[in-house]
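Everything on this sheet refers to the single structure shown next.
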Amino acid sequence: MYDRRLDSVIAAADCGSFSKAARQLGVSTPALAKRIETFEAEYDIVLFSRTRRGAVLTPAGASIVEDARALMRQSRDMVRRAREQDAFGGTTVRLGISSACPARTVLDAWPRIHEADSSLHLELVPIGDIYDDDLAVIAHLGGSVDIVEVADVSLAACEKLWGGVCRIEPLRSDGDGSASGMSSADGKPAAAASPADGAFAVPTHPGTSSTSAPSPGCSSSGSAGLSASAPADEPSAACAAPAASGVLLCPLNPSSATARFVALLSSSTQG
């Protein structure tokens, strides 16, 4: 069974500091330190070298953290598959969505995907900044989120940022093998063409559910589908924006439902 103390070990390794790791996990620094110390004592392993500048993994600690990450992924996948089987027989695909990642291409293609395979269900899940290393949204694809559509970033930039971390699938291309939009030297968008913070388009489609709160100008109609609405005298820019091409990010080893969804999406957008 997975030892929950490994959450503290991994957080400390990622943050390089017990205090930063404690803040990330929402616990006190002494509590986090105690978890790590009891783990070290129980298994007679020194995981960190404590210095004034922070906590540095020992070779044994680095080995533990690498294997612990794999255990965490397996645990998340195990629970996810069980929940999918319980809810829809394993046919739910969770789309990460935010103001910066409104997933217009995926949502525009969803009616055609659902028509091609009515057993598939799409769930919208709010996500944070995909470029925030601490959140590691893309590195954890397959956990709480299965797919994310990135707009205004080239395919080459996505490869630079996340190559080897996830599968990178181009959607409608603009002729040079890259998704539409420009990116800066570090691979991040140079100028975002996304809607304002807190607003994203959520059209009504069968088989679609949402775990997010509705945005300004957009309202949720429950598990039967989502609808986009806006005041009659002031339409929401997010809801009125046209669909855009982009790049789809998904796990290296997707579930069968995700793999089926991506194949149908690729056929729909590039066919």
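Following the order of the structure tokens, first chain is A, next is B, and so on, with residues numbered from 1 inside each chain and ligands from 1 in the order they appear.
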
*Test item: residues at most 9 Å from Ile147 in chain A, only C-alpha atoms, excluding those fewer than 6 positions along its chain, as a count of residues only*: 12

Could you build a table of the residues in range 144-171 of chain A lying no more than 10 Å from range 121-133 of chain A, giving for each the nearest pair of atoms and their separation in Å rounded to one decimal place, using only C-alpha atoms, ordered by chain and ascending residue number, as a tab-separated table?
residue	atom	partner	partner_atom	distance
A:Ser144	CA	A:Val125	CA	7.9
A:Val145	CA	A:Val125	CA	6.8
A:Asp146	CA	A:Val125	CA	9.5
A:Ile147	CA	A:Val125	CA	9.9
A:Val148	CA	A:Ile130	CA	9.2
A:Val150	CA	A:Ile130	CA	9.2
A:Leu161	CA	A:Tyr131	CA	8.9

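Take CA of Gly16 in chain A and CA of Glu42 in chain A: the distance between them is 22.5 Å.
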
Extract, using only C-alpha atoms, all DNA, RNA and protein residues at most 12 Å from Asn253 in chain A, discarding same-chain residues fewer than 5 positions from it, and format them as a PDB file with C-alpha atoms, in the first residue's frame.
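The resulting result23.pdb:
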ATOM      1  CA  ARG A  73       0.494   7.578 -10.496  1.00  0.00           C
ATOM      2  CA  GLN A  74      -0.525   3.940 -10.150  1.00  0.00           C
ATOM      3  CA  ASP A  77      -4.988   5.539 -11.985  1.00  0.00           C
ATOM      4  CA  HIS A 140       0.049  14.809 -13.721  1.00  0.00           C
ATOM      5  CA  LEU A 141      -2.150  14.187 -16.761  1.00  0.00           C
ATOM      6  CA  GLY A 142      -4.081  10.981 -16.246  1.00  0.00           C
ATOM      7  CA  GLY A 143      -4.749  11.871 -12.613  1.00  0.00           C
ATOM      8  CA  ASP A 146      -6.910  13.438 -18.917  1.00  0.00           C
ATOM      9  CA  ILE A 147      -6.449  16.028 -21.664  1.00  0.00           C
ATOM     10  CA  GLY A 164       8.710  13.112 -22.836  1.00  0.00           C
ATOM     11  CA  VAL A 165       6.248  14.231 -20.146  1.00  0.00           C
ATOM     12  CA  CYS A 166       3.057  13.644 -22.154  1.00  0.00           C
ATOM     13  CA  ARG A 167       1.769  12.875 -25.613  1.00  0.00           C
ATOM     14  CA  THR A 258      -8.952   8.800 -23.670  1.00  0.00           C
ATOM     15  CA  ALA A 259      -7.172   7.042 -26.534  1.00  0.00           C
TER      16      ALA A 259
END

Quick one: everything within 12 Å of Ser266 in chain A, counting only C-alpha atoms, minus sequence neighbours fewer than 4 positions away in the same chain. Send it as a PDB file with N, CA and C atoms, in the first residue's frame.
ATOM      1  N   THR A 105     -11.319  24.181 -29.564  1.00  0.00           N
ATOM      2  CA  THR A 105     -11.303  23.185 -30.635  1.00  0.00           C
ATOM      3  C   THR A 105     -11.924  21.880 -30.166  1.00  0.00           C
ATOM      4  N   VAL A 106     -11.570  21.452 -28.945  1.00  0.00           N
ATOM      5  CA  VAL A 106     -12.117  20.207 -28.407  1.00  0.00           C
ATOM      6  C   VAL A 106     -13.625  20.320 -28.225  1.00  0.00           C
ATOM      7  N   ALA A 109     -15.502  20.220 -31.400  1.00  0.00           N
ATOM      8  CA  ALA A 109     -15.523  18.896 -32.026  1.00  0.00           C
ATOM      9  C   ALA A 109     -16.340  17.885 -31.229  1.00  0.00           C
ATOM     10  N   TRP A 110     -16.664  18.207 -29.972  1.00  0.00           N
ATOM     11  CA  TRP A 110     -17.322  17.241 -29.109  1.00  0.00           C
ATOM     12  C   TRP A 110     -18.640  16.680 -29.666  1.00  0.00           C
ATOM     13  N   ARG A 112     -19.449  15.983 -32.683  1.00  0.00           N
ATOM     14  CA  ARG A 112     -19.114  14.985 -33.697  1.00  0.00           C
ATOM     15  C   ARG A 112     -18.510  13.738 -33.053  1.00  0.00           C
ATOM     16  N   ILE A 113     -17.698  13.950 -32.000  1.00  0.00           N
ATOM     17  CA  ILE A 113     -17.103  12.809 -31.290  1.00  0.00           C
ATOM     18  C   ILE A 113     -18.194  11.983 -30.619  1.00  0.00           C
ATOM     19  N   ILE A 168       1.857  14.653 -27.257  1.00  0.00           N
ATOM     20  CA  ILE A 168       1.558  15.963 -27.824  1.00  0.00           C
ATOM     21  C   ILE A 168       0.960  15.757 -29.209  1.00  0.00           C
ATOM     22  N   GLU A 169      -0.325  16.085 -29.334  1.00  0.00           N
ATOM     23  CA  GLU A 169      -1.048  15.836 -30.578  1.00  0.00           C
ATOM     24  C   GLU A 169      -1.470  17.156 -31.224  1.00  0.00           C
ATOM     25  N   PRO A 170      -0.993  17.453 -32.441  1.00  0.00           N
ATOM     26  CA  PRO A 170      -1.435  18.684 -33.107  1.00  0.00           C
ATOM     27  C   PRO A 170      -2.891  18.566 -33.531  1.00  0.00           C
ATOM     28  N   LEU A 171      -3.640  19.630 -33.355  1.00  0.00           N
ATOM     29  CA  LEU A 171      -5.001  19.696 -33.856  1.00  0.00           C
ATOM     30  C   LEU A 171      -4.950  20.372 -35.214  1.00  0.00           C
ATOM     31  N   ARG A 172      -5.940  21.150 -35.568  1.00  0.00           N
ATOM     32  CA  ARG A 172      -5.921  21.758 -36.907  1.00  0.00           C
ATOM     33  C   ARG A 172      -4.656  22.577 -37.077  1.00  0.00           C
ATOM     34  N   SER A 173      -3.815  22.227 -38.036  1.00  0.00           N
ATOM     35  CA  SER A 173      -2.557  22.937 -38.250  1.00  0.00           C
ATOM     36  C   SER A 173      -2.736  24.073 -39.241  1.00  0.00           C
ATOM     37  N   SER A 245      -7.613  26.657 -33.404  1.00  0.00           N
ATOM     38  CA  SER A 245      -6.843  25.429 -33.431  1.00  0.00           C
ATOM     39  C   SER A 245      -5.823  25.458 -32.313  1.00  0.00           C
ATOM     40  N   GLY A 246      -5.210  24.307 -32.039  1.00  0.00           N
ATOM     41  CA  GLY A 246      -4.243  24.256 -30.954  1.00  0.00           C
ATOM     42  C   GLY A 246      -3.516  22.934 -30.926  1.00  0.00           C
ATOM     43  N   VAL A 247      -3.009  22.608 -29.742  1.00  0.00           N
ATOM     44  CA  VAL A 247      -2.267  21.379 -29.526  1.00  0.00           C
ATOM     45  C   VAL A 247      -2.902  20.663 -28.348  1.00  0.00           C
ATOM     46  N   LEU A 248      -3.094  19.360 -28.472  1.00  0.00           N
ATOM     47  CA  LEU A 248      -3.704  18.582 -27.402  1.00  0.00           C
ATOM     48  C   LEU A 248      -2.618  17.848 -26.627  1.00  0.00           C
ATOM     49  N   ALA A 259      -7.774   7.366 -25.240  1.00  0.00           N
ATOM     50  CA  ALA A 259      -7.172   7.042 -26.534  1.00  0.00           C
ATOM     51  C   ALA A 259      -8.220   7.086 -27.646  1.00  0.00           C
ATOM     52  N   ARG A 260      -9.424   6.565 -27.351  1.00  0.00           N
ATOM     53  CA  ARG A 260     -10.508   6.591 -28.330  1.00  0.00           C
ATOM     54  C   ARG A 260     -10.936   8.028 -28.620  1.00  0.00           C
ATOM     55  N   PHE A 261     -11.036   8.830 -27.564  1.00  0.00           N
ATOM     56  CA  PHE A 261     -11.432  10.237 -27.708  1.00  0.00           C
ATOM     57  C   PHE A 261     -10.420  10.982 -28.572  1.00  0.00           C
ATOM     58  N   VAL A 262      -9.137  10.803 -28.295  1.00  0.00           N
ATOM     59  CA  VAL A 262      -8.083  11.514 -29.039  1.00  0.00           C
ATOM     60  C   VAL A 262      -8.104  11.099 -30.508  1.00  0.00           C
ATOM     61  N   GLN A 270      -8.810  17.117 -38.282  1.00  0.00           N
ATOM     62  CA  GLN A 270      -7.869  17.086 -39.397  1.00  0.00           C
ATOM     63  C   GLN A 270      -8.435  16.421 -40.642  1.00  0.00           C
ATOM     64  N   GLY A 271      -9.634  15.835 -40.464  1.00  0.00           N
ATOM     65  CA  GLY A 271     -10.238  15.154 -41.614  1.00  0.00           C
ATOM     66  C   GLY A 271     -10.820  16.119 -42.627  1.00  0.00           C
TER      67      GLY A 271
END

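Closest approach to Ser118 in chain A among A:Asp44, A:Ser98, A:Thr92, A:Val65: A:Thr92, based on only C-alpha atoms.
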
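Proximity to Ala62 in chain A was assessed for A:Ser17, A:Ala82, A:Pro111, A:Val9 counting only C-alpha atoms; the smallest distance is recorded for A:Val9.
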
*asked:* Ranking A:Leu6, A:Ala22, A:Ala11, A:Val137 by minimum distance to Glu40 in chain A and counting only C-alpha atoms, which one comes first?
replied: A:Leu6

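Here CA of Asp3 in chain A and CA of Ile45 in chain A stand 15.0 Å from one another.
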
*Leaving out Thr29 in chain A and any residue of its chain fewer than 6 positions from it, which residues lie within 10 Å of it when counting only C-alpha atoms, given as a VMD selection string?*
chain A and resid 17 to 23

If you keep N, CA and C atoms, can you produce a file of those selected residues as a PDB file, in the first residue's frame?
ATOM      1  N   SER A  17      12.733  22.553   0.213  1.00  0.00           N
ATOM      2  CA  SER A  17      12.603  23.196   1.523  1.00  0.00           C
ATOM      3  C   SER A  17      11.435  22.573   2.268  1.00  0.00           C
ATOM      4  N   PHE A  18      11.659  22.254   3.553  1.00  0.00           N
ATOM      5  CA  PHE A  18      10.574  21.705   4.356  1.00  0.00           C
ATOM      6  C   PHE A  18       9.463  22.742   4.551  1.00  0.00           C
ATOM      7  N   SER A  19       9.846  23.995   4.752  1.00  0.00           N
ATOM      8  CA  SER A  19       8.838  25.033   5.012  1.00  0.00           C
ATOM      9  C   SER A  19       7.979  25.283   3.783  1.00  0.00           C
ATOM     10  N   LYS A  20       8.593  25.327   2.599  1.00  0.00           N
ATOM     11  CA  LYS A  20       7.825  25.525   1.368  1.00  0.00           C
ATOM     12  C   LYS A  20       6.922  24.322   1.102  1.00  0.00           C
ATOM     13  N   ALA A  21       7.442  23.127   1.350  1.00  0.00           N
ATOM     14  CA  ALA A  21       6.648  21.917   1.155  1.00  0.00           C
ATOM     15  C   ALA A  21       5.457  21.897   2.100  1.00  0.00           C
ATOM     16  N   ALA A  22       5.681  22.344   3.346  1.00  0.00           N
ATOM     17  CA  ALA A  22       4.594  22.382   4.329  1.00  0.00           C
ATOM     18  C   ALA A  22       3.494  23.338   3.873  1.00  0.00           C
ATOM     19  N   ARG A  23       3.879  24.505   3.352  1.00  0.00           N
ATOM     20  CA  ARG A  23       2.885  25.455   2.855  1.00  0.00           C
ATOM     21  C   ARG A  23       2.101  24.863   1.690  1.00  0.00           C
TER      22      ARG A  23
END

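We find CA of Ala257 in chain A and CA of Ala136 in chain A to be spaced 23.0 Å apart.
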
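Ranking A:Thr38, A:Leu135, A:Ala70, A:Ala13 by their shortest atom-to-atom distance to Gly54 in chain A, with only C-alpha atoms included, puts A:Ala13 first.
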
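Of the residues under consideration (A:Gly26, A:Pro254, A:Gly61, A:Pro102), A:Pro102 shows the shortest atom-to-atom contact distance to Ala151 in chain A when counting only C-alpha atoms.
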
*Using DSSP on the backbone coordinates, identify the residues of range 32-187 of chain A assigned to strand (DSSP E); present them as a VMD selection string.*
chain A and resid 48 to 51 54 to 57 92 to 97 121 to 126 147 to 150 167 to 170
